[in-house]
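File shown: coords_7.txt (compact mmCIF, C-alpha atoms).
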# COMPACT_ATOMS: atom_id res chain seq x y z
CA LEU H 1 6.34 1.09 7.44
CA SER H 2 8.11 3.27 4.90
CA ALA H 3 8.13 2.38 1.20
CA ALA H 4 11.25 4.47 0.63
CA LEU H 5 13.19 2.71 3.38
CA VAL H 6 12.03 -0.74 2.30
CA ILE H 7 12.81 -0.22 -1.40
CA TYR H 8 15.90 1.99 -1.37
CA ALA H 9 17.48 1.21 2.02
CA HIS H 10 16.56 -2.50 1.76
CA GLN H 11 15.06 -2.49 5.26
CA PHE H 12 12.80 -5.43 4.45
CA TYR H 13 12.29 -6.29 8.11
CA ARG H 14 9.85 -3.37 8.26
CA LEU H 15 7.32 -5.45 6.32
CA LEU H 16 6.96 -7.58 9.45
CA THR H 17 7.91 -5.35 12.37
CA ALA H 18 5.83 -2.28 11.43
CA ALA H 19 2.60 -4.15 12.13
CA PHE H 20 3.60 -4.73 15.76
CA PHE H 21 4.47 -1.11 16.57
CA HIS H 22 1.70 1.33 17.48
CA GLY H 23 1.28 5.04 17.94
CA GLY H 24 0.04 4.97 21.52
CA LEU H 25 -2.10 3.18 24.07
CA MET H 26 -5.36 4.09 22.34
CA HIS H 27 -4.04 2.79 19.02
CA ILE H 28 -2.94 -0.56 20.38
CA GLY H 29 -6.04 -0.81 22.60
CA MET H 30 -8.43 -0.36 19.65
CA ASN H 31 -6.51 -2.91 17.59
CA MET H 32 -6.49 -5.40 20.46
CA MET H 33 -10.26 -5.14 20.84
CA SER H 34 -10.73 -5.53 17.10
CA MET H 35 -8.44 -8.56 17.05
CA LEU H 36 -10.34 -10.12 19.95
CA ALA H 37 -13.65 -9.82 18.12
CA THR H 38 -12.53 -10.63 14.57
CA GLY H 39 -9.86 -13.17 15.50
CA THR H 40 -12.19 -15.13 17.77
CA SER H 41 -14.86 -15.34 15.07
CA LEU H 42 -12.39 -16.34 12.35
CA GLU H 43 -10.63 -18.88 14.56
CA ARG H 44 -13.90 -20.71 15.11
CA SER H 45 -14.30 -21.20 11.35
CA VAL H 46 -10.71 -21.98 10.29
CA GLY H 47 -9.00 -23.29 13.44
CA THR H 48 -6.09 -22.02 15.50
CA VAL H 49 -3.27 -23.17 13.19
CA GLN H 50 -4.85 -21.65 10.09
CA LEU H 51 -5.48 -18.37 11.92
CA LEU H 52 -1.82 -18.23 12.95
CA PHE H 53 -0.57 -18.78 9.39
CA THR H 54 -3.15 -16.34 8.04
CA VAL H 55 -1.94 -13.62 10.39
CA LEU H 56 1.72 -14.24 9.50
CA TRP H 57 1.13 -14.24 5.74
CA GLN H 58 -1.21 -11.26 5.85
CA THR H 59 1.30 -9.28 7.90
CA LEU H 60 3.95 -9.73 5.21
CA LEU H 61 1.68 -9.43 2.20
CA THR H 62 -0.34 -6.39 3.30
CA GLY H 63 2.94 -4.64 4.08
CA ALA H 64 4.35 -5.55 0.67
CA PHE H 65 1.16 -4.46 -1.09
CA CYS H 66 1.20 -1.14 0.76
CA VAL H 67 4.83 -0.54 -0.20
CA GLY H 68 4.10 -1.39 -3.83
CA ALA H 69 1.02 0.84 -3.93
CA SER H 70 2.96 3.73 -2.40
CA TRP H 71 5.72 3.36 -4.99
CA PHE H 72 3.18 3.15 -7.84
CA LEU H 73 1.34 6.29 -6.72
CA SER H 74 4.54 8.27 -6.29
CA MET H 75 6.60 7.10 -9.26
CA VAL H 76 4.02 6.17 -11.89
CA LEU H 77 0.54 7.52 -11.37
CA LEU H 78 0.73 10.86 -9.57
CA ASP H 79 4.39 11.92 -9.59
CA ASP H 80 3.95 12.84 -5.91
CA MET H 81 6.78 11.71 -3.64
CA SER H 82 4.72 12.14 -0.48
CA TYR H 83 3.24 8.66 -0.83
CA ILE H 84 6.56 6.84 -0.95
CA LYS H 85 7.82 8.88 2.00
CA GLN H 86 4.80 8.21 4.20
CA GLN H 87 5.43 6.20 7.35
CA SER H 88 2.89 4.12 9.23
CA VAL H 89 2.69 1.66 12.09
CA GLY H 90 0.06 -0.68 13.43
CA PHE H 91 -1.83 -3.91 12.89
CA SER H 92 -4.88 -2.35 11.25
CA GLY H 93 -4.06 -3.49 7.72
CA VAL H 94 -3.94 -7.11 8.87
CA LEU H 95 -7.19 -6.61 10.79
CA PHE H 96 -8.94 -5.37 7.66
CA ALA H 97 -7.74 -8.49 5.84
CA LEU H 98 -9.03 -10.71 8.65
CA VAL H 99 -12.39 -8.94 8.58
CA VAL H 100 -12.81 -9.68 4.87
CA VAL H 101 -11.89 -13.35 5.36
CA ASP H 102 -14.19 -13.61 8.37
CA ILE H 103 -17.11 -12.20 6.37
CA GLN H 104 -16.46 -14.79 3.68
CA ASN H 105 -16.67 -17.57 6.28
CA SER H 106 -19.74 -16.14 8.04
CA ASP H 107 -23.41 -16.28 7.11
CA VAL H 108 -24.27 -13.06 8.96
CA PRO H 109 -25.95 -10.83 6.33
CA THR H 110 -25.25 -7.42 7.90
CA ARG H 111 -22.69 -5.81 10.19
CA SER H 112 -22.78 -2.70 12.33
CA VAL H 113 -20.26 0.03 11.54
CA MET H 114 -19.19 1.22 15.00
CA GLY H 115 -22.81 1.16 16.10
CA PHE H 116 -23.76 3.98 13.73
CA VAL H 117 -25.37 2.06 10.90
CA SER H 118 -25.79 -1.51 9.69
CA VAL H 119 -24.60 -2.34 6.18
CA PRO H 120 -24.52 -5.51 4.07
CA ALA H 121 -21.62 -7.62 5.28
CA LYS H 122 -19.73 -7.44 1.96
CA TRP H 123 -19.68 -3.63 2.18
CA TYR H 124 -18.66 -3.50 5.83
CA PRO H 125 -14.86 -3.24 5.26
CA TRP H 126 -15.36 -0.42 2.75
CA ALA H 127 -17.75 1.46 5.02
CA LEU H 128 -15.30 1.08 7.91
CA LEU H 129 -12.45 2.28 5.68
CA VAL H 130 -14.31 5.48 4.79
CA LEU H 131 -15.62 6.14 8.30
CA LEU H 132 -12.21 5.72 9.93
CA GLN H 133 -10.66 8.05 7.37
CA LEU H 134 -13.28 10.70 8.12
CA MET H 135 -13.00 10.32 11.89
CA ILE H 136 -9.19 10.02 12.05
CA PRO H 137 -7.72 11.68 8.94
CA ASN H 138 -4.12 10.72 9.74
CA VAL H 139 -4.74 6.95 9.69
CA SER H 140 -3.08 5.01 6.89
CA PHE H 141 -5.64 4.77 4.09
CA LEU H 142 -3.24 2.73 1.98
CA GLY H 143 -2.55 0.35 4.86
CA HIS H 144 -6.25 -0.32 5.42
CA PHE H 145 -6.92 -0.52 1.67
CA SER H 146 -4.08 -3.05 1.32
CA GLY H 147 -5.71 -5.20 3.99
CA ILE H 148 -9.03 -5.19 2.14
CA MET H 149 -7.37 -6.19 -1.13
CA LEU H 150 -5.30 -9.00 0.39
CA GLY H 151 -8.28 -10.18 2.42
CA THR H 152 -10.34 -10.31 -0.77
CA TRP H 153 -7.54 -12.28 -2.42
CA GLN H 154 -7.52 -14.82 0.40
CA ALA H 155 -11.31 -15.00 0.58
CA ASN H 156 -11.34 -15.99 -3.10
CA GLY H 157 -8.76 -18.75 -2.62
CA GLY H 158 -5.67 -16.75 -3.43
CA LEU H 159 -3.67 -17.75 -0.35
CA ARG H 160 -4.75 -21.34 0.10
CA TRP H 161 -1.63 -22.64 -1.65
CA LEU H 162 0.47 -20.82 0.99
CA LEU H 163 -1.46 -22.24 3.95
CA PRO H 164 -0.78 -25.69 5.47
CA SER H 165 -2.56 -28.64 3.89
CA VAL H 166 -4.99 -30.80 5.84
CA GLU H 167 -2.27 -33.40 6.41
CA LEU H 168 0.34 -30.88 7.59
CA THR H 169 -2.16 -29.18 9.86
CA ARG H 170 -3.05 -32.49 11.45
CA GLU H 171 0.66 -33.24 11.97
CA LEU H 172 1.21 -29.87 13.60
CA GLU H 173 -1.80 -30.35 15.86
CA ALA H 174 -0.50 -33.79 16.88
CA TRP H 175 3.05 -32.56 17.52
CA SER H 176 3.99 -33.42 21.10
CA ALA H 177 5.79 -30.10 21.62
CA LEU H 178 2.48 -28.31 21.05
CA ARG H 179 0.53 -30.55 23.41
CA PRO H 180 0.26 -27.89 26.15
CA LEU H 181 -1.42 -25.64 23.56
CA THR H 182 -3.53 -28.20 21.71
CA ASP H 183 -4.86 -29.58 25.00
CA HIS H 184 -6.11 -26.15 25.99
CA PRO H 185 -9.94 -26.00 25.92
CA ARG H 186 -9.85 -22.93 23.66
CA TRP H 187 -7.66 -24.56 21.01
CA ILE H 188 -9.72 -25.08 17.86
CA THR H 189 -8.90 -27.88 15.42
CA CYS H 190 -8.86 -26.95 11.76
CA PRO H 191 -11.98 -28.04 9.85
CA ASP H 192 -11.14 -30.01 6.72
CA GLY H 193 -12.48 -27.40 4.33
CA ALA H 194 -10.49 -24.55 5.91
CA CYS H 195 -7.04 -25.91 5.17
CA GLY H 196 -4.89 -24.97 2.22
CA THR H 197 -5.21 -27.29 -0.76
CA ALA H 198 -5.26 -25.05 -3.82
CA THR H 199 -2.61 -24.40 -6.48
CA PRO H 200 -0.75 -21.25 -7.61
CA GLN H 201 -3.25 -20.99 -10.46
CA ASP H 202 -6.00 -20.59 -7.87
CA ALA H 203 -3.99 -17.78 -6.32
CA PHE H 204 -3.92 -15.81 -9.57
CA GLN H 205 -7.62 -16.51 -10.06
CA GLY H 206 -8.26 -15.18 -6.56
CA LEU H 207 -6.23 -12.07 -7.36
CA GLY H 208 -8.33 -11.52 -10.48
CA GLN H 209 -11.54 -11.93 -8.52
CA GLY H 210 -10.25 -9.51 -5.91
CA ALA H 211 -9.45 -6.94 -8.60
CA SER H 212 -12.90 -7.45 -10.09
CA ALA H 213 -14.49 -6.86 -6.69
CA LEU H 214 -12.48 -3.65 -6.32
CA LEU H 215 -13.50 -2.39 -9.77
CA ALA H 216 -17.14 -3.18 -9.01
CA ALA H 217 -16.93 -1.23 -5.75
CA LEU H 218 -15.30 1.75 -7.48
CA ALA H 219 -17.90 1.67 -10.25
CA ALA H 220 -20.73 1.60 -7.71
CA ALA H 221 -19.18 4.50 -5.81
CA ALA H 222 -18.77 6.51 -9.03
CA ALA H 223 -22.36 5.86 -10.09
CA SER H 224 -23.95 6.62 -6.73
CA PRO H 225 -24.10 10.46 -7.10
CA GLY H 226 -26.15 10.06 -10.28
CA ARG H 227 -28.72 7.94 -8.48
CA ARG H 228 -29.39 10.52 -5.77

Conversion result in structure tokens:
Amino acid sequence: LSAALVIYAHQFYRLLTAAFFHGGLMHIGMNMMSMLATGTSLERSVGTVQLLFTVLWQTLLTGAFCVGASWFLSMVLLDDMSYIKQQSVGFSGVLFALVVVDIQNSDVPTRSVMGFVSVPAKWYPWALLVLLQLMIPNVSFLGHFSGIMLGTWQANGGLRWLLPSVELTRELEAWSALRPLTDHPRWITCPDGACGTATPQDAFQGLGQGASALLAALAAAAASPGRR
């Protein structure tokens, strides 16, 4: 994913395709294991159809957010063209978004960060963001950060107006062409409360709540040295 190529060369397809390219077997293997764990947990709470639409929307939106953030850093905030020229591949941004949504739908109070330490669930994505950046400096910080922000937006209702309604989900699940899939024992029907029913106003409210959560996290990080 390259902000320069998306914005100036109009290669908008990169918003979708970049997530499905990886930098090697280890990269794709780690993402597959993460998707197995996070996707399975989230699918149990929202259903198979909602998980599918969530992945599709988050793929596009995390890519768009990353492109916008890269442009803002280069052209407005820092006057440093390296951000807009950066290129990245992989599904990690979407995985970070799914993790945030999964935490919102789970009642597990803590999560383990790669087996090193357990942290409160709401801080898990941020702890993982920092740890991955320290362990693998060349990973896309902006890509992972974009996933956290868009996941926070969805967790606060920001994407529900883009997801299928209860009625549409039921129609899709009853569609005869999908019968081989819906009859599979691992297919999970969407719970009523997990389907999209909100309005665009809820989306903007969710964005505001996501921004508030980010500011709170930054404020806590800035204040932490003074408490030690």

Could you put an axis-aligned box around every listed atom of region 151-167 of chain H, padded by 6 Å on each side, and send me its centre and edge lengths in Å to one decimal, as lines of an AutoDock Vina configuration file?
center_x = -5.4
center_y = -21.8
center_z = 1.5
size_x = 23.8
size_y = 35.2
size_z = 21.8

With a cut-off of 12 Å, could you pull out the residues of region 123-182 of chain H touching region 16-31 of chain H and give me the nearest pair of atoms for each, distance in Å to one decimal, using only C-alpha atoms, ordered by chain and ascending number, as a Markdown table?
| residue | atom | partner | partner_atom | distance |
| --- | --- | --- | --- | --- |
| H:Ile136 | CA | H:His27 | CA | 11.3 |
| H:Asn138 | CA | H:Gly23 | CA | 11.3 |
| H:Val139 | CA | H:His27 | CA | 10.2 |
| H:Ser140 | CA | H:Gly23 | CA | 11.9 |
| H:Gly143 | CA | H:Ala19 | CA | 10.0 |
| H:His144 | CA | H:Ala19 | CA | 11.7 |
| H:Gly147 | CA | H:Ala19 | CA | 11.7 |

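Atom to atom, CA of Ser146 (chain H) and CA of Asp80 (chain H) stand 19.2 Å apart.
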
**Report entry** Near-Thr54 (chain H) list (9 Å; only C-alpha atoms; drop same-chain fewer than 6 positions) as a list in words
**Finding:**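 These residues fall inside the cut-off: Leu98, Gln154, Leu159 and Leu163 of chain H.
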
Report task. Rank H:Leu56, H:Val101, H:Lys85, H:Leu77 by their smallest atom-to-atom distance to Gly157 (chain H), using all atoms listed in the file, and report the top residue only. Result ->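 Nearest to Gly157 (chain H): H:Val101.
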
Requested in this report: Could you give me, as a list in words, the residues within 12 Å of Val108 (chain H), counting only C-alpha atoms and dropping anything in the same chain fewer than 6 positions from it?
Outcome: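 Within the cut-off, the hits are Ser41, Asp102, Ser118, Val119, Pro120, Ala121, Lys122 and Tyr124 of chain H.
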
Report task. Tell me, as a ChimeraX atom specification, which residues lie within 9 Å of Gly151 (chain H), counting only C-alpha atoms; anything in the same chain fewer than 4 positions away does not count. Result -> /H:58,62,94,96-101,146-147,155-156,210

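Reported to one decimal place, the separation of CA of Leu134 (chain H) from CA of Cys66 (chain H) is 20.1 Å.
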
Report task. Write out as a list of chain:residue names which residues come within 12 Å of Thr189 (chain H) when counting all atoms listed in the file, dropping same-chain ones fewer than 5 positions away. Result -> H:Glu43, H:Arg44, H:Ser45, H:Val46, H:Gly47, H:Thr48, H:Val49, H:Gln50, H:Leu51, H:Val166, H:Thr169, H:Arg170, H:Glu171, H:Leu172, H:Glu173, H:Ala174, H:Leu181, H:Thr182, H:Asp183, H:His184, H:Ala194, H:Cys195

**Report entry** Selected residue of minimal separation from Thr59 (chain H) among H:Trp126, H:Leu15, H:Leu162, H:Tyr83, counting only C-alpha atoms
**Finding:**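 So, comparing all the options, the nearest one is H:Leu15.
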
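Counting all atoms listed in the file and comparing H:Val67, H:Leu131, H:Leu52, H:Val89, the residue that lies closest to Tyr8 (chain H) is H:Val67.
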
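Of the residues listed (H:Gly93, H:Gly39, H:Pro180, H:Pro125), H:Gly93 shows the shortest atom-to-atom separation from Gly63 (chain H); distances use only C-alpha atoms.
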
Report task. Between CA of Leu73 (chain H) and CA of Val55 (chain H), measure the distance and give it in Å to one decimal. Result -> 26.5 Å

Requested in this report: Have a look at H:Leu95, H:Val113, H:Leu168, H:Leu150 and name the one nearest to Leu42 (chain H); count all atoms listed in the file.
Outcome: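 Comparing H:Leu95, H:Val113, H:Leu168, H:Leu150 against Leu42 (chain H), the winner is H:Leu95.
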
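Using all atoms listed in the file, the shortest contact distance between Ser70 (chain H) and any of H:Ile103, H:Leu129, H:Ile7, H:Leu36 is found at H:Ile7.
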
**Report entry** Polymer residues at most 8 Å from Trp71 (chain H), all atoms listed in the file, same-chain spacing of 3 or more positions, as a count of residues only
**Finding:** 9
